[in-house]
Amino acid sequence: MLMPTNSSLCPCGSKQLFSQCCEPYLRQGQLAADPTTLMRSRYSAFCLGDVEYLKNTWHPDTCPDDLGSDEPSNWVSLEILDCDVDGDEGEVEFRACLIFDNKLETLHEISQFDLIDGRWLYHSGEFKNEGDKPKPIAKNAPCPCGSGKAFSQCHFQR
């Protein structure tokens, strides 16, 4: 994915400009004030392939050694379903969609976050959609990214 410009909407789906939403976390080192903000910025990092940000915001006890540039990057939507903070622990339930092999895959997860030394970190997640199969996308259907274009004119991979 191309790097968003100052006039681009943020990949996290907030409908805010990238420069006013996730860019301060990804590019300027600003710390997320809560787990939901961290979740949104991490989603944007996945979209942009920013593995370094993902590593820096992952709890050191659970960060995978093999986290790398082969992470999926064709994410098309994020929906925050619920969030809760209790002291130095937080939880965010979300649904995120990506296109892989011309099929729409949905990740439904409840993520756990810990506040350590003033920084929220992603700890782990529980998948809620185990066994869900990717859904084929018809070439002439509207693209799931919300661009308004037909899938064949947007994210379709030949």
# chains A, B, ... in the order shown; residues from 1 in each chain; ligands from 1
$ residues_around --residues "A:Thr106" --least-positions-apart "2" --cutoff "7 Å" --atoms "only C-alpha atoms" --output "list in words"
Arg95, Ala96, Cys97, Leu98, Leu104 and His108 of chain A
$ residues_around --residues "A:Leu38" --least-positions-apart "5" --cutoff "9 Å" --atoms "only C-alpha atoms" --output "short mmCIF file (atom, residue, chain, number, x, y, z; two decimals) with N, CA and C atoms, in the first residue's frame"
data_model
loop_
_atom_site.label_atom_id
_atom_site.label_comp_id
_atom_site.auth_asym_id
_atom_site.auth_seq_id
_atom_site.Cartn_x
_atom_site.Cartn_y
_atom_site.Cartn_z
N CYS A 22 -3.66 8.30 12.96
CA CYS A 22 -2.63 7.31 13.32
C CYS A 22 -1.20 7.73 13.02
N TYR A 25 1.30 8.38 15.89
CA TYR A 25 1.75 7.18 16.60
C TYR A 25 2.79 6.43 15.77
N LEU A 31 2.51 8.22 22.09
CA LEU A 31 1.98 7.02 22.74
C LEU A 31 0.46 7.03 22.72
N ALA A 32 -0.12 5.89 22.44
CA ALA A 32 -1.58 5.75 22.43
C ALA A 32 -2.10 5.92 23.86
N ALA A 33 -3.17 6.68 24.00
CA ALA A 33 -3.74 6.96 25.32
C ALA A 33 -4.58 5.82 25.86
N TYR A 43 -3.61 -1.50 13.46
CA TYR A 43 -4.27 -1.87 12.22
C TYR A 43 -3.66 -1.07 11.06
N THR A 57 5.03 -2.15 19.64
CA THR A 57 3.78 -2.04 20.40
C THR A 57 3.25 -3.41 20.82
N PHE A 113 -4.66 -6.04 26.09
CA PHE A 113 -3.61 -5.03 26.14
C PHE A 113 -3.18 -4.81 27.58
N TRP A 120 0.72 1.49 26.39
CA TRP A 120 -0.17 0.37 26.10
C TRP A 120 0.53 -0.54 25.10
N LEU A 121 0.48 -1.85 25.37
CA LEU A 121 1.07 -2.84 24.48
C LEU A 121 0.06 -3.94 24.21
N TYR A 122 0.04 -4.40 22.96
CA TYR A 122 -0.78 -5.56 22.60
C TYR A 122 -0.17 -6.79 23.26
#
$ closest_residue --among "A:Cys10, A:Ile116, A:Cys21, A:Leu26" --to "A:Ala45" --atoms "only C-alpha atoms"
A:Leu26
$ select_by_dssp --residues "chain A" --states "strand (DSSP E or B)" --output "ChimeraX atom specification"
/A:9,17,58,75-86,89-100,103-116,119-127,135-136,142,150
$ write_last_selection --atoms "N, CA and C atoms" --output "compact mmCIF listing (two decimals), in the first residue's frame"
# COMPACT_ATOMS: atom_id res chain seq x y z
N LEU A 9 -7.37 9.84 3.97
CA LEU A 9 -8.06 9.32 5.14
C LEU A 9 -7.22 8.21 5.76
N LEU A 17 -8.29 12.35 8.84
CA LEU A 17 -7.08 12.36 8.03
C LEU A 17 -6.00 11.54 8.74
N TRP A 58 4.08 -4.43 20.69
CA TRP A 58 3.71 -5.79 21.07
C TRP A 58 4.41 -6.12 22.38
N TRP A 75 -5.47 -5.29 3.87
CA TRP A 75 -6.58 -5.05 4.79
C TRP A 75 -7.50 -4.00 4.20
N VAL A 76 -8.81 -4.17 4.36
CA VAL A 76 -9.74 -3.22 3.75
C VAL A 76 -10.72 -2.59 4.73
N SER A 77 -10.84 -3.13 5.95
CA SER A 77 -11.76 -2.49 6.90
C SER A 77 -11.48 -2.93 8.33
N LEU A 78 -11.76 -2.02 9.24
CA LEU A 78 -11.65 -2.28 10.67
C LEU A 78 -12.92 -1.77 11.33
N GLU A 79 -13.50 -2.59 12.17
CA GLU A 79 -14.69 -2.20 12.94
C GLU A 79 -14.42 -2.54 14.41
N ILE A 80 -14.43 -1.52 15.25
CA ILE A 80 -14.27 -1.73 16.69
C ILE A 80 -15.66 -2.07 17.23
N LEU A 81 -15.78 -3.23 17.84
CA LEU A 81 -17.08 -3.70 18.33
C LEU A 81 -17.30 -3.38 19.81
N ASP A 82 -16.23 -3.42 20.60
CA ASP A 82 -16.35 -3.17 22.03
C ASP A 82 -14.97 -2.89 22.59
N CYS A 83 -14.92 -2.20 23.70
CA CYS A 83 -13.65 -1.96 24.38
C CYS A 83 -13.91 -1.79 25.87
N ASP A 84 -12.92 -2.15 26.67
CA ASP A 84 -13.04 -2.05 28.11
C ASP A 84 -11.64 -1.86 28.69
N VAL A 85 -11.53 -0.99 29.69
CA VAL A 85 -10.27 -0.77 30.38
C VAL A 85 -10.53 -0.93 31.87
N ASP A 86 -9.66 -1.70 32.50
CA ASP A 86 -9.74 -1.90 33.94
C ASP A 86 -8.33 -1.74 34.49
N GLU A 89 -5.07 -2.95 32.45
CA GLU A 89 -5.43 -3.97 31.46
C GLU A 89 -6.58 -3.47 30.60
N GLY A 90 -6.53 -3.81 29.35
CA GLY A 90 -7.59 -3.41 28.43
C GLY A 90 -7.94 -4.52 27.47
N GLU A 91 -9.11 -4.38 26.88
CA GLU A 91 -9.61 -5.38 25.94
C GLU A 91 -10.32 -4.64 24.82
N VAL A 92 -10.06 -5.05 23.60
CA VAL A 92 -10.72 -4.47 22.43
C VAL A 92 -11.23 -5.62 21.57
N GLU A 93 -12.53 -5.61 21.30
CA GLU A 93 -13.10 -6.57 20.36
C GLU A 93 -13.25 -5.87 19.02
N PHE A 94 -12.77 -6.51 17.97
CA PHE A 94 -12.83 -5.90 16.66
C PHE A 94 -13.07 -6.94 15.58
N ARG A 95 -13.44 -6.43 14.43
CA ARG A 95 -13.57 -7.24 13.22
C ARG A 95 -12.79 -6.51 12.13
N ALA A 96 -11.87 -7.22 11.51
CA ALA A 96 -11.08 -6.64 10.42
C ALA A 96 -11.19 -7.55 9.22
N CYS A 97 -11.22 -6.95 8.04
CA CYS A 97 -11.35 -7.72 6.81
C CYS A 97 -10.15 -7.45 5.91
N LEU A 98 -9.74 -8.51 5.21
CA LEU A 98 -8.68 -8.38 4.23
C LEU A 98 -9.05 -9.20 3.00
N ILE A 99 -8.42 -8.85 1.90
CA ILE A 99 -8.62 -9.57 0.66
C ILE A 99 -7.37 -10.39 0.41
N PHE A 100 -7.57 -11.69 0.25
CA PHE A 100 -6.46 -12.59 -0.05
C PHE A 100 -6.95 -13.60 -1.08
N LYS A 103 -10.53 -13.34 -2.26
CA LYS A 103 -11.58 -13.73 -1.31
C LYS A 103 -11.51 -12.79 -0.11
N LEU A 104 -12.67 -12.54 0.47
CA LEU A 104 -12.74 -11.69 1.65
C LEU A 104 -12.61 -12.56 2.90
N GLU A 105 -11.59 -12.27 3.68
CA GLU A 105 -11.38 -12.97 4.95
C GLU A 105 -11.68 -12.01 6.08
N THR A 106 -12.32 -12.53 7.12
CA THR A 106 -12.67 -11.72 8.28
C THR A 106 -11.96 -12.26 9.51
N LEU A 107 -11.34 -11.35 10.23
CA LEU A 107 -10.70 -11.68 11.50
C LEU A 107 -11.53 -11.03 12.60
N HIS A 108 -12.14 -11.84 13.45
CA HIS A 108 -12.90 -11.35 14.60
C HIS A 108 -12.10 -11.76 15.83
N GLU A 109 -11.66 -10.79 16.59
CA GLU A 109 -10.75 -11.06 17.70
C GLU A 109 -11.10 -10.21 18.91
N ILE A 110 -10.84 -10.76 20.07
CA ILE A 110 -10.84 -9.98 21.31
C ILE A 110 -9.38 -9.89 21.74
N SER A 111 -8.83 -8.70 21.68
CA SER A 111 -7.41 -8.47 21.97
C SER A 111 -7.23 -7.99 23.40
N GLN A 112 -6.15 -8.46 24.01
CA GLN A 112 -5.78 -8.07 25.36
C GLN A 112 -4.60 -7.10 25.29
N PHE A 113 -4.66 -6.04 26.09
CA PHE A 113 -3.61 -5.03 26.14
C PHE A 113 -3.18 -4.81 27.58
N ASP A 114 -1.89 -4.50 27.77
CA ASP A 114 -1.35 -4.20 29.09
C ASP A 114 -0.72 -2.83 29.06
N LEU A 115 -0.89 -2.08 30.14
CA LEU A 115 -0.23 -0.79 30.31
C LEU A 115 1.04 -1.03 31.11
N ILE A 116 2.19 -0.81 30.48
CA ILE A 116 3.49 -1.04 31.12
C ILE A 116 4.33 0.22 30.97
N ARG A 119 2.95 2.86 28.70
CA ARG A 119 2.72 2.50 27.30
C ARG A 119 1.76 1.34 27.21
N TRP A 120 0.72 1.49 26.39
CA TRP A 120 -0.17 0.37 26.10
C TRP A 120 0.53 -0.54 25.10
N LEU A 121 0.48 -1.85 25.37
CA LEU A 121 1.07 -2.84 24.48
C LEU A 121 0.06 -3.94 24.21
N TYR A 122 0.04 -4.40 22.96
CA TYR A 122 -0.78 -5.56 22.60
C TYR A 122 -0.17 -6.79 23.26
N HIS A 123 -0.98 -7.57 23.96
CA HIS A 123 -0.48 -8.78 24.61
C HIS A 123 -0.85 -10.04 23.82
N SER A 124 -2.13 -10.23 23.59
CA SER A 124 -2.59 -11.45 22.92
C SER A 124 -4.03 -11.26 22.47
N GLY A 125 -4.52 -12.24 21.73
CA GLY A 125 -5.89 -12.15 21.25
C GLY A 125 -6.54 -13.51 21.17
N GLU A 126 -7.85 -13.48 21.29
CA GLU A 126 -8.65 -14.70 21.16
C GLU A 126 -9.51 -14.56 19.91
N PHE A 127 -9.30 -15.48 18.96
CA PHE A 127 -10.08 -15.46 17.73
C PHE A 127 -11.49 -15.95 18.01
N LYS A 135 -14.74 -15.72 1.83
CA LYS A 135 -15.86 -15.62 0.90
C LYS A 135 -15.37 -15.07 -0.44
N PRO A 136 -15.63 -15.81 -1.53
CA PRO A 136 -15.26 -15.30 -2.86
C PRO A 136 -15.97 -13.97 -3.14
N PRO A 142 -19.30 -4.62 -5.75
CA PRO A 142 -18.58 -3.48 -5.18
C PRO A 142 -17.38 -3.98 -4.38
N ALA A 150 -15.94 -1.23 -8.80
CA ALA A 150 -16.15 -2.67 -8.90
C ALA A 150 -14.88 -3.37 -8.43
$ select_by_dssp --residues "stretch 52-157 of chain A" --states "helix (DSSP H, G or I)" --output "list in words"
Glu52, Tyr53, Leu54, Lys55, Asn56, Phe151, Ser152 and Gln153 of chain A
